[in-house]
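Here's data-v9.txt, which has compact mmCIF, C-alpha atoms:
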```txt
# COMPACT_ATOMS: atom_id res chain seq x y z
CA MET A 8 47.12 98.62 59.11
CA SER A 9 49.46 97.34 56.43
CA LEU A 10 51.05 94.99 58.94
CA ILE A 11 47.67 93.49 59.80
CA ALA A 12 46.77 93.28 56.12
CA THR A 13 49.96 91.40 55.20
CA THR A 14 49.51 89.04 58.14
CA VAL A 15 46.00 88.27 57.02
CA VAL A 16 47.16 87.75 53.44
CA ARG A 17 49.95 85.44 54.55
CA ALA A 18 47.56 83.46 56.66
CA ALA A 19 45.21 83.23 53.71
CA GLU A 20 48.01 81.96 51.50
CA GLY A 21 48.26 78.99 53.79
CA GLU A 22 51.47 79.77 55.68
CA GLY A 23 50.07 77.95 58.62
CA PHE A 24 48.75 80.18 61.38
CA THR A 25 45.30 79.08 62.38
CA ALA A 26 43.68 81.34 64.94
CA PRO A 27 42.28 79.56 67.99
CA GLY A 28 38.50 79.34 67.95
CA PRO A 29 35.73 77.44 69.69
CA SER A 30 37.23 74.24 68.27
CA SER A 31 40.19 74.68 70.67
CA PHE A 32 37.80 73.80 73.49
CA GLU A 33 36.75 70.43 72.15
CA TYR A 34 38.51 67.56 73.83
CA PRO A 35 38.31 64.06 72.43
CA PRO A 36 36.91 61.40 74.74
CA ILE A 37 39.61 59.61 76.73
CA GLY A 38 40.18 56.08 75.48
CA GLY A 39 37.74 56.23 72.56
CA SER A 40 34.00 56.70 72.67
CA THR A 41 31.44 54.09 73.57
CA SER A 42 27.93 55.11 72.65
CA VAL A 43 24.71 53.50 73.83
CA ASP A 44 21.34 53.75 72.10
CA VAL A 45 18.54 54.78 74.44
CA LEU A 46 15.13 55.24 72.79
CA GLY A 47 16.74 56.03 69.46
CA LEU A 48 19.13 58.62 70.87
CA SER A 49 22.79 57.76 70.84
CA ILE A 50 24.27 58.71 74.19
CA ASP A 51 28.03 58.84 74.53
CA LEU A 52 29.29 57.23 77.71
CA ALA A 53 32.89 58.29 77.23
CA VAL A 54 34.68 60.59 79.68
CA THR A 55 36.44 63.78 78.62
CA LYS A 56 39.08 65.87 80.34
CA PRO A 57 36.67 68.59 81.60
CA MET A 58 34.52 65.89 83.20
CA LEU A 59 37.53 64.53 85.05
CA GLN A 60 38.31 68.07 86.17
CA LEU A 61 34.86 68.41 87.73
CA VAL A 62 35.48 65.29 89.80
CA LEU A 63 38.99 66.44 90.67
CA ALA A 64 37.66 69.81 91.85
CA ALA A 65 35.05 68.14 94.04
CA VAL A 66 37.69 65.87 95.55
CA LEU A 67 40.05 68.80 96.12
CA VAL A 68 37.38 70.94 97.81
CA PHE A 69 36.33 68.06 100.02
CA GLY A 70 39.92 67.04 100.79
CA PHE A 71 41.07 70.55 101.63
CA PHE A 72 38.23 71.41 103.97
CA TYR A 73 38.22 67.95 105.53
CA ALA A 74 41.90 68.35 106.33
CA ALA A 75 41.30 71.88 107.60
CA ALA A 76 38.40 70.92 109.85
CA ARG A 77 39.68 67.54 111.03
CA LYS A 78 41.49 68.72 114.15
CA GLY A 79 38.99 71.37 115.18
CA ALA A 80 41.52 72.95 117.51
CA MET A 81 40.53 75.89 119.70
CA VAL A 82 43.63 77.76 118.56
CA PRO A 83 43.75 77.12 114.81
CA GLY A 84 46.89 76.04 113.00
CA LYS A 85 47.80 77.42 109.59
CA LEU A 86 45.59 75.08 107.57
CA GLN A 87 42.63 75.41 109.89
CA TYR A 88 43.02 79.19 109.87
CA VAL A 89 42.83 79.30 106.06
CA GLY A 90 39.81 77.01 106.12
CA GLU A 91 38.05 79.13 108.73
CA GLU A 92 38.75 82.36 106.90
CA ALA A 93 37.44 80.87 103.64
CA TYR A 94 34.31 79.62 105.38
CA GLY A 95 33.84 82.92 107.16
CA PHE A 96 34.11 84.83 103.89
CA VAL A 97 31.23 82.96 102.28
CA ARG A 98 29.18 82.80 105.48
CA ASN A 99 29.52 86.43 106.55
CA SER A 100 30.13 88.56 103.51
CA ILE A 101 27.97 86.65 101.04
CA ALA A 102 25.29 84.67 102.85
CA ARG A 103 24.62 86.82 105.92
CA ASP A 104 24.97 90.21 104.26
CA ILE A 105 22.69 89.35 101.34
CA ILE A 106 20.10 86.92 102.68
CA GLY A 107 19.86 88.59 106.08
CA SER A 108 20.58 87.27 109.55
CA HIS A 109 17.13 85.71 109.99
CA ASP A 110 17.33 82.70 107.66
CA PHE A 111 20.74 82.68 106.01
CA ALA A 112 22.07 79.72 107.98
CA ARG A 113 20.35 76.97 106.02
CA PHE A 114 21.78 78.24 102.71
CA VAL A 115 25.38 78.52 103.87
CA PRO A 116 26.37 74.91 103.01
CA TYR A 117 25.02 75.23 99.47
CA LEU A 118 26.58 78.64 98.80
CA PHE A 119 29.85 77.58 100.38
CA ALA A 120 30.12 74.38 98.33
CA LEU A 121 29.09 76.23 95.17
CA PHE A 122 31.66 78.99 95.65
CA PHE A 123 34.63 76.72 96.20
CA PHE A 124 33.56 74.23 93.56
CA ILE A 125 33.41 77.00 90.95
CA LEU A 126 36.59 78.63 92.25
CA PHE A 127 38.64 75.41 92.06
CA ASN A 128 37.26 74.65 88.62
CA ASN A 129 38.09 78.14 87.37
CA PHE A 130 41.60 78.09 88.79
CA MET A 131 42.27 74.99 86.74
CA GLY A 132 42.54 77.36 83.79
CA SER A 133 45.74 78.72 85.34
CA ILE A 134 47.25 75.56 86.80
CA PRO A 135 50.17 74.38 84.63
CA GLY A 136 49.55 70.90 83.29
CA ILE A 137 45.77 71.23 83.38
CA ASN A 138 45.40 74.61 81.69
CA PHE A 139 41.72 74.38 80.98
CA PRO A 140 38.94 76.15 82.87
CA THR A 141 36.23 73.52 83.23
CA PHE A 142 33.38 75.97 82.85
CA SER A 143 34.50 77.13 79.42
CA ARG A 144 32.47 74.12 78.28
CA SER A 145 28.92 75.40 78.38
CA GLY A 146 27.31 72.11 79.29
CA MET A 147 29.06 72.05 82.65
CA VAL A 148 27.55 75.41 83.63
CA TYR A 149 23.99 74.61 82.62
CA GLY A 150 23.87 72.03 85.39
CA LEU A 151 24.88 74.57 88.03
CA ALA A 152 22.45 77.18 86.72
CA ALA A 153 19.60 74.66 86.63
CA LEU A 154 20.38 73.62 90.21
CA SER A 155 20.32 77.19 91.48
CA TRP A 156 17.15 77.93 89.48
CA VAL A 157 15.40 74.98 91.11
CA ILE A 158 16.65 75.99 94.56
CA TYR A 159 15.58 79.62 94.56
CA ASN A 160 12.22 78.85 93.01
CA ALA A 161 11.58 75.99 95.42
CA VAL A 162 12.49 78.18 98.38
CA GLY A 163 10.13 80.90 97.18
CA ILE A 164 7.26 78.51 96.47
CA LYS A 165 7.69 76.89 99.85
CA LYS A 166 7.51 80.24 101.61
CA HIS A 167 4.79 82.03 99.64
CA GLY A 168 2.86 79.22 97.96
CA PHE A 169 2.72 78.71 94.22
CA VAL A 170 0.48 81.64 93.29
CA GLY A 171 1.94 83.93 95.91
CA TYR A 172 5.46 83.29 94.70
CA PHE A 173 4.70 84.05 91.07
CA LYS A 174 2.79 87.15 92.15
CA LEU A 175 5.83 88.24 94.15
CA GLN A 176 8.19 87.64 91.25
CA SER A 177 6.11 89.20 88.50
CA VAL A 178 4.01 91.99 90.01
CA PRO A 179 6.13 94.98 91.00
CA SER A 180 4.80 96.66 94.12
CA GLY A 181 3.56 100.21 94.02
CA VAL A 182 2.51 100.04 90.37
CA LYS A 183 -1.15 100.38 89.46
CA GLY A 184 -3.31 100.57 86.36
CA PRO A 185 -2.70 99.61 82.75
CA ILE A 186 1.10 99.83 83.04
CA LEU A 187 0.89 96.47 84.83
CA ALA A 188 -0.02 94.79 81.53
CA LEU A 189 3.38 95.85 80.27
CA LEU A 190 5.36 95.18 83.42
CA ILE A 191 4.05 91.77 84.45
CA PRO A 192 5.31 89.86 81.37
CA LEU A 193 8.61 91.74 81.51
CA GLU A 194 9.17 91.02 85.19
CA PHE A 195 8.15 87.40 84.78
CA LEU A 196 10.51 87.00 81.83
CA SER A 197 13.45 88.65 83.57
CA ASN A 198 12.96 86.89 86.92
CA ILE A 199 12.03 83.37 85.87
CA VAL A 200 13.30 82.86 82.32
CA VAL A 201 16.32 85.09 81.70
CA ARG A 202 17.96 84.70 85.13
CA PRO A 203 19.21 81.11 84.79
CA VAL A 204 20.29 81.78 81.20
CA THR A 205 22.39 84.81 82.10
CA LEU A 206 23.69 83.03 85.19
CA ALA A 207 25.00 80.19 83.04
CA LEU A 208 26.15 82.30 80.11
CA ARG A 209 28.03 84.79 82.28
CA LEU A 210 30.29 82.17 83.83
CA PHE A 211 30.67 80.23 80.59
CA ALA A 212 31.36 83.24 78.35
CA ASN A 213 33.84 84.80 80.76
CA MET A 214 35.82 81.59 81.04
CA LEU A 215 35.66 80.98 77.28
CA ALA A 216 36.64 84.52 76.30
CA GLY A 217 39.47 84.72 78.83
CA HIS A 218 40.92 81.38 77.86
CA LEU A 219 40.57 82.19 74.15
CA LEU A 220 42.47 85.43 74.69
CA ILE A 221 45.28 83.59 76.51
CA ILE A 222 45.56 80.98 73.75
CA LEU A 223 45.52 83.68 71.09
CA PHE A 224 48.38 85.67 72.61
CA ALA A 225 50.43 82.59 73.45
CA VAL A 226 50.07 80.86 70.09
CA GLY A 227 50.12 84.06 68.05
CA GLY A 228 53.21 85.34 69.88
CA GLU A 229 54.99 82.06 69.30
CA TYR A 230 54.10 82.17 65.61
CA LEU A 231 55.28 85.77 65.17
CA LEU A 232 58.50 85.06 67.04
CA LEU A 233 59.50 81.73 65.54
CA GLU A 234 57.78 81.26 62.22
CA MET A 235 57.86 84.68 60.62
CA SER A 236 60.74 86.95 59.59
CA ALA A 237 62.84 88.75 62.20
CA ALA A 238 61.00 92.03 61.58
CA TYR A 239 57.97 90.61 63.38
CA ALA A 240 59.92 89.47 66.47
CA PRO A 241 59.24 92.63 68.55
CA VAL A 242 55.51 92.20 67.95
CA GLY A 243 55.83 88.61 69.10
CA ILE A 244 57.57 89.67 72.30
CA LEU A 245 54.83 92.26 72.86
CA ALA A 246 52.25 89.52 72.39
CA TRP A 247 53.96 87.41 75.03
CA ILE A 248 54.04 90.33 77.47
CA MET A 249 50.32 90.69 76.87
CA PHE A 250 49.98 86.94 77.43
CA ILE A 251 51.57 87.23 80.87
CA ALA A 252 49.52 90.30 81.78
CA ILE A 253 46.26 88.68 80.71
CA SER A 254 47.11 85.53 82.65
CA PHE A 255 47.17 87.64 85.81
CA LEU A 256 43.95 89.37 84.80
CA GLU A 257 42.42 85.92 84.34
CA LEU A 258 43.26 84.99 87.95
CA LEU A 259 41.18 87.99 89.03
CA VAL A 260 38.36 87.14 86.63
CA GLN A 261 38.30 83.52 87.79
CA PHE A 262 37.81 84.61 91.37
CA LEU A 263 35.35 87.37 90.44
CA GLN A 264 33.14 85.07 88.40
CA ALA A 265 32.88 82.52 91.20
CA TYR A 266 32.04 85.39 93.56
CA VAL A 267 29.44 86.91 91.24
CA PHE A 268 27.80 83.55 90.60
CA VAL A 269 27.39 82.85 94.32
CA LEU A 270 26.42 86.45 95.12
CA LEU A 271 23.67 86.38 92.51
CA ASN A 272 22.51 83.03 93.85
CA ALA A 273 22.26 84.55 97.31
CA MET A 274 20.40 87.57 95.91
CA TYR A 275 17.90 85.42 94.06
CA ILE A 276 17.27 83.38 97.20
CA GLN A 277 16.83 86.61 99.15
CA GLY A 278 14.43 87.90 96.50
CA ALA A 279 12.42 84.68 96.68
CA LEU A 280 12.21 84.93 100.47
CA ALA A 281 11.41 88.64 100.60
CA ASP A 282 8.00 89.72 101.83
CA GLU A 283 7.80 92.83 99.67
CA HIS A 284 9.31 93.02 96.24
CA MET B 10 32.68 90.68 60.57
CA ASN B 11 30.61 89.51 63.52
CA MET B 12 33.65 89.96 65.76
CA ILE B 13 33.78 93.63 64.72
CA GLY B 14 30.08 93.84 65.43
CA TYR B 15 30.61 92.32 68.84
CA GLY B 16 33.39 94.81 69.54
CA LEU B 17 31.00 97.66 68.77
CA ALA B 18 28.26 96.05 70.82
CA ALA B 19 30.57 95.73 73.82
CA ILE B 20 31.03 99.51 74.01
CA GLY B 21 27.60 100.01 75.56
CA PRO B 22 27.94 97.55 78.45
CA GLY B 23 31.54 98.76 78.92
CA VAL B 24 30.38 102.33 79.47
CA GLY B 25 27.54 101.07 81.64
CA ILE B 26 29.81 99.04 83.91
CA GLY B 27 32.16 102.00 84.19
CA LEU B 28 29.31 104.28 85.26
CA ILE B 29 28.02 101.75 87.79
CA PHE B 30 31.37 101.37 89.52
CA ALA B 31 32.05 105.10 89.34
CA ALA B 32 28.80 105.68 91.19
CA TYR B 33 29.65 102.91 93.66
CA ILE B 34 33.08 104.36 94.42
CA ASN B 35 31.54 107.82 94.83
CA GLY B 36 28.94 106.46 97.16
CA VAL B 37 31.47 104.63 99.32
CA ALA B 38 33.74 107.68 99.42
CA ARG B 39 30.88 109.83 100.69
CA GLN B 40 29.36 107.27 103.04
CA PRO B 41 31.84 104.51 103.94
CA GLU B 42 29.44 102.79 106.34
CA ALA B 43 26.99 102.15 103.46
CA GLN B 44 29.52 99.96 101.65
CA GLY B 45 27.77 96.68 102.42
CA ARG B 46 24.45 97.78 100.95
CA LEU B 47 25.97 99.60 98.01
CA GLN B 48 28.16 96.66 97.11
CA SER B 49 25.30 94.27 96.52
CA ILE B 50 23.44 96.87 94.46
CA ALA B 51 26.58 97.61 92.44
CA ILE B 52 27.27 93.94 91.75
CA LEU B 53 23.65 93.40 90.71
CA GLY B 54 23.80 96.36 88.33
CA PHE B 55 27.15 95.16 87.01
CA ALA B 56 25.71 91.70 86.40
CA LEU B 57 22.71 93.11 84.55
CA ALA B 58 24.87 95.36 82.36
CA GLU B 59 27.28 92.53 81.72
CA ALA B 60 24.44 90.23 80.67
CA LEU B 61 24.04 92.38 77.55
CA ALA B 62 27.67 91.92 76.61
CA ILE B 63 27.34 88.20 77.22
CA ILE B 64 24.26 87.85 75.07
CA GLY B 65 26.32 89.66 72.43
CA ILE B 66 29.24 87.24 72.61
CA ALA B 67 26.90 84.26 72.48
CA LEU B 68 25.26 85.68 69.36
CA ALA B 69 28.65 86.49 67.83
CA PHE B 70 29.57 82.83 68.02
CA VAL B 71 26.18 81.53 66.97
CA LEU B 72 25.34 83.82 64.03
```
As C-alpha cells, please, write out the structure in this file.
Amino acid sequence: MSLIATTVVRAAEGEGFTAPGPSSFEYPPIGGSTSVDVLGLSIDLAVTKPMLQLVLAAVLVFGFFYAAARKGAMVPGKLQYVGEEAYGFVRNSIARDIIGSHDFARFVPYLFALFFFILFNNFMGSIPGINFPTFSRSGMVYGLAALSWVIYNAVGIKKHGFVGYFKLQSVPSGVKGPILALLIPLEFLSNIVVRPVTLALRLFANMLAGHLLIILFAVGGEYLLLEMSAAYAPVGILAWIMFIAISFLELLVQFLQAYVFVLLNAMYIQGALADEH
Amino acid sequence: MNMIGYGLAAIGPGVGIGLIFAAYINGVARQPEAQGRLQSIAILGFALAEALAIIGIALAFVL
C-alpha cells in the first residue's frame, strides 16, 4: 500500500509518469488535415493510421485467399490447405452448425469475409511495427455492427414480412396474458436496439482494454526500471513479465472476439430466419 | 474512483461467465455428443453476461 501511495505521490509531484489513457488511441491525421464544409458541418477528409490498417487488412485477406485458391489443385499444397481449412472452419463450425444446413450457404461469403477481416485487423495489435488493433477505435466497429444489423433484419423481414418479423422478434412464444405487456417491450429492446450496440461495444471495448493493459505494463515497467531508484527495479521486471504474458493472452482474445462477433452474427441471422422463437 | 467502481462492477459478470463455462464443461463431460448445441448456447450466455461488463467499461470512461 505504501509503495502504491508513494508512486502516486511522486507522479503527482510531476516526476513524469503519465498513465496511458484513451488519449493514447488518438492518431493524428497523416500529412495534416484537410476539412471540407458540407451543409455547415466540417468534415475531415484526412486519413489516419487505423483507416490505412482497414484497407491493409482487406488487401491482405483478399491477397491471401486469392493466392490460396488460385491453383485449385485436387491435392492441395501447403497454402491451399491452410486456405481450405480456414474456409472450412467458418463454413462448417460457424455457418452450418448455427444457421442450419437448409439455408446457411448464402450467408457463408459474408460470415467468412467478416471473420477474416476482423481477425486480420485484431492481429494488427500484435504485429511489431503496426502495434495497434484497428477496432480499438470505436468508429470502425460501428460500421460493422450497423452492417450486420441491417443484414439480419433484412433477412428476417424478407422471410416473415414486416409485421411478422417484428412479431417474431418481440413476442415470446408460449406466453399469454398480461405478462406480455412487460415482455414485449423488453424483447423488442433487447433484440432490435441493444443487440447492435453490444455487438459493437464488445469488440471495441475488448480491443481497447487489452491494448490499454499492454501499454500500461510496457510503459509502466520501463518507467519503474529506468526512471526510478534501483529499489523499484524488481517491480519493473515483474511488470515486463506481465507484459509478455498479457501479450499472449491478447492473441487469444483477438481470435476469440472475431469468433464471437461472427458467431453472434450467425445466431442473429438464425433467429431472424427461425419459424418459432 | 470510477475505475474502482468498474472493478467492483466487473465481479458480477466475472462470476457469471465462470458459472456459464462451468456448466458448459460439465455438460460436455456428461454428454460429449451434445457439444455442438451446448457450445452455441454457452457462447450466447457468455456474450450476454459479458455485455454487462462492457456497458460498465463504457460508462467508466464516459462518466
(request) Name the residues in contact with Ser31 in chain A at a cut-off of 12 Å, using all atoms listed in the file, excluding same-chain residues fewer than 6 positions from it; report them as a ChimeraX atom specification. (result) /A:25,139,143-144,215-216,218-223,226
(message) From the options B:Leu68, B:Pro22, B:Gly54, B:Gly45, which residue's atoms come nearest to chain A, counting all atoms listed in the file?
(response) B:Gly45
(message) With distances taken over only C-alpha atoms, which residue among A:Met249, A:Leu187, A:Ile106, A:Ala161 lies nearest Ser49 in chain B?
(response)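 Among A:Met249, A:Leu187, A:Ile106, A:Ala161, it is A:Ile106 that comes nearest to Ser49 in chain B.
Of the listed residues (A:Ala238, A:Ala153, A:Val89, A:Ala212), A:Ala212 comes nearest to chain B; the distances count all atoms listed in the file.
Within 10 Å of chain B, and counting only C-alpha atoms, chain A contributes Gly28, Pro29, Ser100, Ile101, Asp104, Ile105, Val201, Arg202, Val204, Thr205, Leu206, Leu208, Arg209, Leu210, Phe211, Ala212, Asn213, Ala216, Tyr266, Val267, Phe268, Leu270, Leu271 and Met274 of chain A.
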Just to be explicit: take each residue in the selection above, keep C-alpha atoms, and write the result as a PDB file, keeping the file's coordinate frame.
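Full text of part_30.pdb as output:
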```
ATOM      1  CA  GLY A  28      38.500  79.340  67.950  1.00  0.00           C
ATOM      2  CA  PRO A  29      35.730  77.440  69.690  1.00  0.00           C
ATOM      3  CA  SER A 100      30.130  88.560 103.510  1.00  0.00           C
ATOM      4  CA  ILE A 101      27.970  86.650 101.040  1.00  0.00           C
ATOM      5  CA  ASP A 104      24.970  90.210 104.260  1.00  0.00           C
ATOM      6  CA  ILE A 105      22.690  89.350 101.340  1.00  0.00           C
ATOM      7  CA  VAL A 201      16.320  85.090  81.700  1.00  0.00           C
ATOM      8  CA  ARG A 202      17.960  84.700  85.130  1.00  0.00           C
ATOM      9  CA  VAL A 204      20.290  81.780  81.200  1.00  0.00           C
ATOM     10  CA  THR A 205      22.390  84.810  82.100  1.00  0.00           C
ATOM     11  CA  LEU A 206      23.690  83.030  85.190  1.00  0.00           C
ATOM     12  CA  LEU A 208      26.150  82.300  80.110  1.00  0.00           C
ATOM     13  CA  ARG A 209      28.030  84.790  82.280  1.00  0.00           C
ATOM     14  CA  LEU A 210      30.290  82.170  83.830  1.00  0.00           C
ATOM     15  CA  PHE A 211      30.670  80.230  80.590  1.00  0.00           C
ATOM     16  CA  ALA A 212      31.360  83.240  78.350  1.00  0.00           C
ATOM     17  CA  ASN A 213      33.840  84.800  80.760  1.00  0.00           C
ATOM     18  CA  ALA A 216      36.640  84.520  76.300  1.00  0.00           C
ATOM     19  CA  TYR A 266      32.040  85.390  93.560  1.00  0.00           C
ATOM     20  CA  VAL A 267      29.440  86.910  91.240  1.00  0.00           C
ATOM     21  CA  PHE A 268      27.800  83.550  90.600  1.00  0.00           C
ATOM     22  CA  LEU A 270      26.420  86.450  95.120  1.00  0.00           C
ATOM     23  CA  LEU A 271      23.670  86.380  92.510  1.00  0.00           C
ATOM     24  CA  MET A 274      20.400  87.570  95.910  1.00  0.00           C
TER      25      MET A 274
END
```
(message) For a quick check of understanding, using only C-alpha atoms, which of B:Ala58, B:Val71, B:Glu42, B:Gly65 has the smallest distance to Gly23 in chain B?
(response)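 The answer is B:Ala58, which sits nearest to Gly23 in chain B.
The coordinates place CA of Asn128 in chain A at 6.7 Å from CA of Leu61 in chain A.
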(request) Please indicate the distance in Å from CA of Ala120 in chain A to CA of Leu59 in chain A, rounded to one decimal place. (result) 18.1 Å
